[in-house]
$ cat entry_8.cif   # mmCIF, C-alpha atoms
data_upload
#
loop_
_atom_site.label_atom_id
_atom_site.label_comp_id
_atom_site.auth_asym_id
_atom_site.auth_seq_id
_atom_site.Cartn_x
_atom_site.Cartn_y
_atom_site.Cartn_z
CA MET A 265 0.00 0.00 0.00
CA GLU A 266 1.32 3.43 -0.95
CA SER A 267 1.89 5.70 2.04
CA ASN A 268 0.04 8.98 2.14
CA PRO A 269 2.62 11.81 1.96
CA GLN A 270 0.41 14.16 3.97
CA GLU A 271 0.06 11.58 6.71
CA SER A 272 3.77 10.92 6.87
CA THR A 273 4.52 14.64 7.25
CA LEU A 274 1.84 14.95 9.93
CA PHE A 275 3.74 12.43 12.04
CA GLU A 276 6.84 14.63 12.10
CA LEU A 277 5.58 16.81 14.97
CA GLN A 278 6.94 15.82 18.36
CA TYR A 279 6.43 16.93 21.93
CA ASP A 280 9.81 18.44 22.76
CA GLU A 281 10.73 19.82 26.16
CA GLU A 282 9.64 23.39 25.33
CA LEU A 283 6.26 22.23 24.05
CA LYS A 284 5.73 19.97 27.06
CA SER A 285 6.56 22.78 29.46
CA SER A 286 4.23 25.31 27.79
CA LEU A 287 1.46 22.70 27.55
CA GLN A 288 1.90 21.93 31.26
CA GLY A 289 1.54 25.64 32.09
CA ALA A 290 -1.59 26.01 29.96
CA ALA A 291 -3.14 22.86 31.47
CA LYS A 292 -2.39 24.01 35.03
CA TRP A 293 -3.97 27.44 34.54
CA ALA A 294 -6.89 25.95 32.59
CA GLY A 295 -7.69 23.76 35.62
CA MET A 296 -7.53 26.73 37.98
CA ALA A 297 -9.67 28.87 35.66
CA ALA A 298 -12.20 26.02 35.33
CA LEU A 299 -12.48 25.62 39.09
CA VAL A 300 -12.86 29.33 39.84
CA SER A 301 -15.33 29.72 36.98
CA PHE A 302 -17.40 26.81 38.32
CA ILE A 303 -17.44 28.36 41.82
CA SER A 304 -18.51 31.63 40.22
CA THR A 305 -21.35 29.81 38.39
CA ILE A 306 -22.59 28.24 41.65
CA ILE A 307 -22.40 31.55 43.55
CA GLY A 308 -24.21 33.25 40.67
CA MET A 309 -26.98 30.66 40.89
CA VAL A 310 -27.27 31.05 44.68
CA SER A 311 -27.31 34.83 44.26
CA PHE A 312 -30.06 34.52 41.63
CA PHE A 313 -32.31 32.47 43.94
CA ILE A 314 -31.72 34.84 46.89
CA GLN A 315 -32.56 37.90 44.76
CA ARG A 316 -35.61 36.10 43.36
CA ALA A 317 -36.86 35.25 46.86
CA LYS A 318 -36.34 38.90 47.89
CA MET A 319 -38.29 40.11 44.85
CA GLN A 320 -41.13 37.66 45.50
CA ALA A 321 -41.35 38.77 49.14
CA MET A 322 -41.37 42.42 48.03
CA TYR A 323 -44.17 41.83 45.50
CA ARG A 324 -46.19 39.91 48.12
CA GLU A 325 -46.03 43.05 50.29
CA TYR A 326 -47.08 45.26 47.38
CA ALA A 327 -49.91 42.91 46.33
CA GLU A 328 -52.28 44.58 48.80
CA TYR A 329 -51.76 47.88 46.90
CA GLY A 330 -52.79 46.19 43.64
CA ILE A 331 -49.27 45.82 42.20
CA SER A 332 -49.02 42.46 40.53
CA GLN A 333 -45.94 40.25 40.44
CA PRO A 334 -44.23 40.16 37.02
CA ALA A 335 -43.49 36.83 35.37
CA MET A 336 -40.14 35.51 36.59
CA ASN A 337 -40.04 32.30 34.57
CA SER A 338 -37.86 33.75 31.80
CA GLY A 339 -35.25 34.75 34.37
CA MET A 340 -35.37 31.26 35.83
CA ILE A 341 -34.92 29.64 32.39
CA SER A 342 -31.96 31.85 31.46
CA ALA A 343 -30.34 31.20 34.87
CA LEU A 344 -30.72 27.44 34.36
CA ILE A 345 -29.31 27.64 30.81
CA SER A 346 -26.33 29.66 32.12
CA PHE A 347 -25.81 27.07 34.85
CA VAL A 348 -25.86 24.15 32.38
CA ILE A 349 -23.40 25.95 30.07
CA GLY A 350 -21.17 26.74 33.06
CA VAL A 351 -21.15 23.08 34.14
CA LEU A 352 -20.38 21.86 30.59
CA LEU A 353 -17.51 24.34 30.22
CA PHE A 354 -16.14 23.26 33.61
CA VAL A 355 -16.32 19.55 32.69
CA PHE A 356 -14.51 19.89 29.37
CA LEU A 357 -11.89 22.39 30.56
CA MET A 358 -11.18 20.18 33.57
CA LYS A 359 -10.89 17.20 31.22
CA PHE A 360 -8.25 19.08 29.22
CA SER A 361 -6.36 20.04 32.37
CA ARG A 362 -6.36 16.60 34.02
CA LYS A 363 -5.77 14.42 30.97
CA THR A 364 -3.04 16.70 29.61
CA LYS A 365 -1.20 16.84 32.93
CA SER A 366 -1.34 13.07 33.41
CA GLY A 367 -0.49 12.51 29.72
CA LEU A 368 2.62 14.63 30.10
CA GLU A 369 3.61 12.92 33.35
CA SER A 370 3.23 9.42 31.93
CA ASN A 371 4.32 10.28 28.35
CA ASP A 372 0.99 8.88 27.13
CA GLY A 373 -0.08 10.21 23.74
CA TYR A 374 -3.61 8.81 24.12
CA LEU A 375 -4.23 10.88 27.28
CA LEU A 376 -2.89 13.98 25.54
CA ASN A 377 -5.31 13.39 22.66
CA GLU A 378 -8.16 13.04 25.16
CA GLY A 379 -7.12 16.33 26.73
CA PHE A 380 -7.01 18.13 23.39
CA SER A 381 -10.42 16.78 22.41
CA GLY A 382 -11.80 18.17 25.72
CA LEU A 383 -10.35 21.59 24.91
CA ALA A 384 -11.74 21.42 21.36
CA VAL A 385 -15.24 20.74 22.76
CA TYR A 386 -14.79 23.59 25.28
CA PHE A 387 -14.09 26.14 22.52
CA ARG A 388 -16.84 24.64 20.32
CA ILE A 389 -19.40 25.15 23.13
CA ILE A 390 -18.33 28.80 23.53
CA GLY A 391 -18.57 29.29 19.75
CA ILE A 392 -22.03 27.72 19.50
CA VAL A 393 -23.29 29.75 22.48
CA LEU A 394 -21.97 32.90 20.78
CA ILE A 395 -23.76 31.99 17.51
CA ILE A 396 -27.06 31.38 19.37
CA ALA A 397 -26.65 34.65 21.32
CA ILE A 398 -26.02 36.60 18.10
CA ILE A 399 -29.12 35.04 16.48
CA PHE A 400 -31.25 36.04 19.48
CA ILE A 401 -29.85 39.59 19.47
CA LEU A 402 -30.55 39.94 15.73
CA LEU A 403 -34.10 38.59 16.19
CA ALA A 404 -34.68 41.03 19.06
CA LEU A 405 -33.37 43.91 16.92
CA LEU A 406 -35.66 42.86 14.05
CA ALA A 407 -38.62 42.71 16.43
CA ILE A 408 -37.81 46.21 17.77
CA MET A 409 -37.44 47.56 14.24
CA GLY A 410 -40.74 45.91 13.25
CA GLN A 411 -42.56 47.59 16.12
CA ALA A 412 -41.11 51.04 15.36
CA MET B 99 22.89 9.44 30.50
CA ASP B 100 22.46 12.42 28.19
CA GLN B 101 21.36 10.09 25.45
CA GLN B 102 18.76 8.54 27.76
CA GLN B 103 17.44 11.97 28.71
CA GLU B 104 17.28 13.03 25.07
CA SER B 105 15.39 9.94 24.02
CA SER B 106 12.85 10.38 26.85
CA LEU B 107 12.21 13.94 25.71
CA PHE B 108 11.49 12.90 22.16
CA ASP B 109 9.56 9.74 22.76
CA ILE B 110 6.00 11.02 22.15
CA GLN B 111 4.97 11.98 18.68
CA MET B 112 1.96 14.14 17.95
CA ASP B 113 -0.40 11.91 15.99
CA VAL B 114 -3.11 12.88 13.51
CA ASP B 115 -5.87 12.86 16.15
CA ALA B 116 -4.00 15.38 18.31
CA GLN B 117 -3.32 17.58 15.30
CA THR B 118 -6.97 17.42 14.21
CA SER B 119 -8.06 18.47 17.72
CA LEU B 120 -5.51 21.31 17.75
CA LEU B 121 -6.75 22.49 14.37
CA SER B 122 -10.33 22.47 15.68
CA ILE B 123 -9.20 24.39 18.81
CA SER B 124 -7.45 26.92 16.59
CA LYS B 125 -10.50 27.43 14.33
CA TRP B 126 -13.05 27.80 17.14
CA ALA B 127 -10.73 30.00 19.20
CA LYS B 128 -10.32 32.28 16.17
CA PHE B 129 -14.09 32.43 15.68
CA VAL B 130 -14.68 33.25 19.37
CA ALA B 131 -11.92 35.88 19.43
CA ILE B 132 -12.99 37.62 16.20
CA THR B 133 -16.68 37.56 17.17
CA GLY B 134 -15.76 38.95 20.60
CA ILE B 135 -13.67 41.71 19.04
CA ILE B 136 -16.51 42.66 16.65
CA ILE B 137 -19.09 42.71 19.49
CA GLY B 138 -16.68 44.75 21.64
CA ALA B 139 -16.09 47.21 18.81
CA ILE B 140 -19.86 47.63 18.25
CA VAL B 141 -20.37 48.25 21.99
CA LEU B 142 -17.55 50.83 22.04
CA ILE B 143 -18.92 52.57 18.91
CA LEU B 144 -22.42 52.70 20.43
CA ALA B 145 -20.96 53.95 23.72
CA SER B 146 -19.10 56.74 21.94
CA ALA B 147 -22.13 57.56 19.74
CA TYR B 148 -24.39 57.80 22.77
CA GLY B 149 -21.73 59.57 24.85
CA PRO B 150 -23.99 62.50 25.91
CA GLN B 151 -26.70 60.09 27.12
CA ILE B 152 -24.13 58.12 29.08
CA ILE B 153 -22.83 61.33 30.65
CA GLN B 154 -26.43 62.22 31.51
CA ALA B 155 -26.87 58.82 33.14
CA PHE B 156 -23.74 59.50 35.20
CA THR B 157 -25.11 62.91 36.13
CA SER B 158 -28.33 61.31 37.36
CA LEU B 159 -26.17 58.91 39.35
CA PHE B 160 -24.52 61.95 40.99
CA SER B 161 -27.95 63.23 41.92
CA ILE B 162 -28.80 60.01 43.74
CA GLY B 163 -25.82 60.45 45.97
CA MET B 164 -22.79 59.30 44.00
CA ASN B 165 -19.90 61.70 44.52
CA GLN B 166 -17.24 62.59 41.94
CA GLU B 167 -14.69 60.26 43.50
CA GLU B 168 -17.07 57.29 43.28
CA ALA B 169 -17.97 58.15 39.69
CA GLY B 170 -14.27 58.35 38.82
CA MET B 171 -13.75 54.95 40.37
CA LEU B 172 -16.66 53.54 38.34
CA ILE B 173 -15.13 54.90 35.12
CA ALA B 174 -11.73 53.48 36.12
CA ILE B 175 -13.32 50.05 36.71
CA LEU B 176 -15.00 50.22 33.28
CA VAL B 177 -11.69 51.15 31.60
CA ILE B 178 -9.89 48.28 33.40
CA ALA B 179 -12.68 45.87 32.37
CA VAL B 180 -12.42 46.95 28.71
CA LEU B 181 -8.61 46.58 28.80
CA MET B 182 -8.85 43.16 30.45
CA VAL B 183 -11.35 41.85 27.89
CA SER B 184 -9.21 43.30 25.07
CA PHE B 185 -6.10 41.49 26.34
CA TRP B 186 -8.15 38.33 26.86
CA LEU B 187 -9.38 38.32 23.25
CA TYR B 188 -5.96 39.32 21.92
CA PHE B 189 -4.29 36.34 23.60
CA LEU B 190 -7.04 34.01 22.36
CA LEU B 191 -6.52 35.26 18.80
CA ARG B 192 -2.73 34.93 19.20
CA THR B 193 -3.18 31.38 20.51
CA SER B 194 -5.29 30.48 17.49
CA SER B 195 -2.85 32.01 15.02
CA LEU B 196 0.24 30.38 16.61
CA LEU B 197 -1.38 26.94 16.85
CA ASN B 198 -2.45 27.16 13.22
CA ARG B 199 0.99 28.30 12.04
CA GLY B 200 2.66 25.66 14.19
CA LEU B 201 0.55 22.93 12.60
CA GLU B 202 1.07 24.25 9.09
CA SER B 203 4.84 24.57 9.42
CA ARG B 204 5.11 21.53 11.74
CA SER B 205 6.97 23.71 14.23
CA SER B 206 6.83 22.61 17.84
CA ALA B 207 8.37 25.98 18.84
CA GLN B 208 5.34 27.82 17.43
CA LEU B 209 2.97 25.36 19.07
CA ALA B 210 4.79 25.99 22.36
CA ALA B 211 4.37 29.75 21.86
CA GLY B 212 0.66 29.11 21.18
CA PHE B 213 0.27 27.25 24.46
CA ARG B 214 2.12 30.01 26.31
CA SER B 215 -0.42 32.48 24.88
CA MET B 216 -3.19 30.11 25.93
CA ARG B 217 -1.79 30.11 29.46
CA VAL B 218 -2.05 33.92 29.58
CA TYR B 219 -5.63 33.61 28.26
CA PHE B 220 -6.48 31.23 31.12
CA VAL B 221 -4.72 33.44 33.68
CA ILE B 222 -6.94 36.35 32.58
CA SER B 223 -10.01 34.02 32.65
CA PHE B 224 -9.03 33.06 36.21
CA ILE B 225 -8.74 36.71 37.30
CA MET B 226 -12.08 37.61 35.68
CA SER B 227 -13.87 34.68 37.36
CA LEU B 228 -12.31 35.66 40.68
CA LEU B 229 -13.55 39.25 40.26
CA SER B 230 -16.99 37.94 39.34
CA ILE B 231 -17.05 35.86 42.56
CA LEU B 232 -16.05 38.91 44.61
CA SER B 233 -18.73 40.98 42.90
CA ALA B 234 -21.42 38.33 43.49
CA LEU B 235 -20.38 37.95 47.14
CA SER B 236 -20.45 41.72 47.71
CA ASP B 237 -24.00 41.74 46.28
CA LEU B 238 -25.03 38.97 48.66
CA ILE B 239 -23.54 40.57 51.79
#
$ encode --input "entry_8.cif" --output "structure tokens"
Amino acid sequence: MESNPQESTLFELQYDEELKSSLQGAAKWAGMAALVSFISTIIGMVSFFIQRAKMQAMYREYAEYGISQPAMNSGMISALISFVIGVLLFVFLMKFSRKTKSGLESNDGYLLNEGFSGLAVYFRIIGIVLIIAIIFILLALLAIMGQA
Amino acid sequence: MDQQQESSLFDIQMDVDAQTSLLSISKWAKFVAITGIIIGAIVLILASAYGPQIIQAFTSLFSIGMNQEEAGMLIAILVIAVLMVSFWLYFLLRTSSLLNRGLESRSSAQLAAGFRSMRVYFVISFIMSLLSILSALSDLI
């Protein structure tokens, strides 16, 4: 079987000491960023529920003056979506950090590949979320322009 | 001994799967960085176009008890936030470009530079998340 020239040149790249060291640094900071970001997501969620409870209590007080409580379901849905995205980002960034670090320690190419695939999914999630956000913003702008 | 050390340093090769993942990382990182830069630019253009209204909003903030020192601090925080996000996106774009060039030229030195840029990107992400925690906690207390 004839060897594919592109494939043979692809195999030329190696993990030298400089690459290993920079990869180790990126993996270490990715893990720390993932952890802090996850804590931030949880605190954000707790903060949301506390503020929501405060608002509900306030509107219960105002109910006797005829002020009705606005719908809070949309806020709840967006908070839950943010939480799910936060958890997914944490999982895949942590996967990159852990697998890459252990791959470098044990010189295991398979673990390094697993780490890279985690990081690829992490950036893909951010990209897809950005695309969805842009679509929603454009739809909102169109709706505003339609009303004007 | 030197020979043993040298061989242990060069014993893993980057296979096609790893390179495919790195290429995907590079492409998505570029998309995220460029989209972020465009959104940031639009926000800055709108902010400068509606400058008088923003100043008016600040003036109304003064009237509800915010003094000049506090307003100055708010502006300083906004400037720092803009700078931080700019650096964040710059390092993401640099990461993408270096990873791509490293893969194209099969240069591990460029890939290493890409991962060093990525480390800075994650350091800034870490700082921003930490600030967001502090902000959320100050709201709760």
$ resolve_selection --input "entry_8.cif" --expression "the PyMOL selection byres ((chain B and resi 134) around 10)" --output "list in words"
Leu394 of chain A; Lys128, Phe129, Val130, Ala131, Ile132, Thr133, Ile135, Ile136, Ile137, Gly138, Ala139, Ile140, Val183, Ser184, Trp186, Leu187 and Tyr188 of chain B
$ interface_residues --input "entry_8.cif" --of "chain A" --to "chain B" --cutoff "7 Å" --atoms "all atoms listed in the file" --output "PyMOL selection string"
chain A and resi 274-275+277-283+286-287+289-290+293-294+296-297+300-301+304+307-308+311+371+373+377+380-381+383-384+387-388+391
$ write_last_selection --input "entry_8.cif" --atoms "C-alpha atoms" --output "compact mmCIF listing (two decimals), in the coordinates of the input"
# COMPACT_ATOMS: atom_id res chain seq x y z
CA LEU A 274 1.84 14.95 9.93
CA PHE A 275 3.74 12.43 12.04
CA LEU A 277 5.58 16.81 14.97
CA GLN A 278 6.94 15.82 18.36
CA TYR A 279 6.43 16.93 21.93
CA ASP A 280 9.81 18.44 22.76
CA GLU A 281 10.73 19.82 26.16
CA GLU A 282 9.64 23.39 25.33
CA LEU A 283 6.26 22.23 24.05
CA SER A 286 4.23 25.31 27.79
CA LEU A 287 1.46 22.70 27.55
CA GLY A 289 1.54 25.64 32.09
CA ALA A 290 -1.59 26.01 29.96
CA TRP A 293 -3.97 27.44 34.54
CA ALA A 294 -6.89 25.95 32.59
CA MET A 296 -7.53 26.73 37.98
CA ALA A 297 -9.67 28.87 35.66
CA VAL A 300 -12.86 29.33 39.84
CA SER A 301 -15.33 29.72 36.98
CA SER A 304 -18.51 31.63 40.22
CA ILE A 307 -22.40 31.55 43.55
CA GLY A 308 -24.21 33.25 40.67
CA SER A 311 -27.31 34.83 44.26
CA ASN A 371 4.32 10.28 28.35
CA GLY A 373 -0.08 10.21 23.74
CA ASN A 377 -5.31 13.39 22.66
CA PHE A 380 -7.01 18.13 23.39
CA SER A 381 -10.42 16.78 22.41
CA LEU A 383 -10.35 21.59 24.91
CA ALA A 384 -11.74 21.42 21.36
CA PHE A 387 -14.09 26.14 22.52
CA ARG A 388 -16.84 24.64 20.32
CA GLY A 391 -18.57 29.29 19.75
$ closest_residue --input "entry_8.cif" --among "A:Asp372, A:Met309, A:Lys365, A:Ala317" --to "Ile341 of chain A" --atoms "all atoms listed in the file"
A:Met309
$ resolve_selection --input "entry_8.cif" --expression "the PyMOL selection byres ((chain A and resi 366) around 12)" --output "PyMOL selection string"
chain A and resi 284+287-288+291-292+359-365+367-379
$ residues_around --input "entry_8.cif" --residues "Val351 of chain A" --least-positions-apart "4" --cutoff "7 Å" --atoms "only C-alpha atoms" --output "number ranges by chain"
A: 302, 347, 355
$ atom_distance --input "entry_8.cif" --atom1 "atom CA of Val393 of chain A" --atom2 "atom CA of Ser346 of chain A"
10.1 Å
$ closest_residue --input "entry_8.cif" --among "A:Ala404, A:Ala397, A:Tyr386, A:Ala327" --to "Ser342 of chain A" --atoms "only C-alpha atoms"
A:Ala397
$ decode --input "entry_8.cif" --residues "segment 379-398 of chain A" --atoms "N, CA and C atoms" --output "JSON list (two decimals), in the first residue's frame"
[["chain", "number", "residue", "atom", "x", "y", "z"],
["A", 379, "GLY", "N", -7.16, 14.97, 26.21],
["A", 379, "GLY", "CA", -7.12, 16.33, 26.73],
["A", 379, "GLY", "C", -7.42, 17.35, 25.65],
["A", 380, "PHE", "N", -6.79, 17.20, 24.51],
["A", 380, "PHE", "CA", -7.01, 18.13, 23.39],
["A", 380, "PHE", "C", -8.45, 18.07, 22.91],
["A", 381, "SER", "N", -9.03, 16.86, 22.89],
["A", 381, "SER", "CA", -10.42, 16.78, 22.41],
["A", 381, "SER", "C", -11.35, 17.50, 23.40],
["A", 382, "GLY", "N", -11.02, 17.43, 24.70],
["A", 382, "GLY", "CA", -11.80, 18.17, 25.72],
["A", 382, "GLY", "C", -11.74, 19.67, 25.46],
["A", 383, "LEU", "N", -10.52, 20.15, 25.16],
["A", 383, "LEU", "CA", -10.35, 21.59, 24.91],
["A", 383, "LEU", "C", -11.07, 22.01, 23.63],
["A", 384, "ALA", "N", -11.05, 21.11, 22.62],
["A", 384, "ALA", "CA", -11.74, 21.42, 21.36],
["A", 384, "ALA", "C", -13.24, 21.56, 21.62],
["A", 385, "VAL", "N", -13.80, 20.66, 22.44],
["A", 385, "VAL", "CA", -15.24, 20.74, 22.76],
["A", 385, "VAL", "C", -15.53, 22.01, 23.55],
["A", 386, "TYR", "N", -14.63, 22.37, 24.46],
["A", 386, "TYR", "CA", -14.79, 23.59, 25.28],
["A", 386, "TYR", "C", -14.94, 24.83, 24.38],
["A", 387, "PHE", "N", -14.02, 24.97, 23.40],
["A", 387, "PHE", "CA", -14.09, 26.14, 22.52],
["A", 387, "PHE", "C", -15.30, 26.05, 21.58],
["A", 388, "ARG", "N", -15.67, 24.81, 21.20],
["A", 388, "ARG", "CA", -16.84, 24.64, 20.32],
["A", 388, "ARG", "C", -18.11, 25.09, 21.06],
["A", 389, "ILE", "N", -18.22, 24.74, 22.35],
["A", 389, "ILE", "CA", -19.40, 25.15, 23.13],
["A", 389, "ILE", "C", -19.48, 26.68, 23.17],
["A", 390, "ILE", "N", -18.33, 27.32, 23.46],
["A", 390, "ILE", "CA", -18.33, 28.80, 23.53],
["A", 390, "ILE", "C", -18.76, 29.37, 22.18],
["A", 391, "GLY", "N", -18.23, 28.81, 21.10],
["A", 391, "GLY", "CA", -18.57, 29.29, 19.75],
["A", 391, "GLY", "C", -20.05, 29.14, 19.45],
["A", 392, "ILE", "N", -20.61, 27.97, 19.79],
["A", 392, "ILE", "CA", -22.03, 27.72, 19.50],
["A", 392, "ILE", "C", -22.91, 28.65, 20.34],
["A", 393, "VAL", "N", -22.53, 28.83, 21.62],
["A", 393, "VAL", "CA", -23.29, 29.75, 22.48],
["A", 393, "VAL", "C", -23.28, 31.16, 21.90],
["A", 394, "LEU", "N", -22.10, 31.57, 21.40],
["A", 394, "LEU", "CA", -21.97, 32.90, 20.78],
["A", 394, "LEU", "C", -22.89, 33.02, 19.56],
["A", 395, "ILE", "N", -22.91, 31.97, 18.72],
["A", 395, "ILE", "CA", -23.76, 31.99, 17.51],
["A", 395, "ILE", "C", -25.23, 32.13, 17.92],
["A", 396, "ILE", "N", -25.66, 31.32, 18.92],
["A", 396, "ILE", "CA", -27.06, 31.38, 19.37],
["A", 396, "ILE", "C", -27.39, 32.77, 19.93],
["A", 397, "ALA", "N", -26.43, 33.32, 20.73],
["A", 397, "ALA", "CA", -26.65, 34.65, 21.32],
["A", 397, "ALA", "C", -26.81, 35.70, 20.22],
["A", 398, "ILE", "N", -25.95, 35.62, 19.20],
["A", 398, "ILE", "CA", -26.02, 36.60, 18.10],
["A", 398, "ILE", "C", -27.36, 36.48, 17.37]]
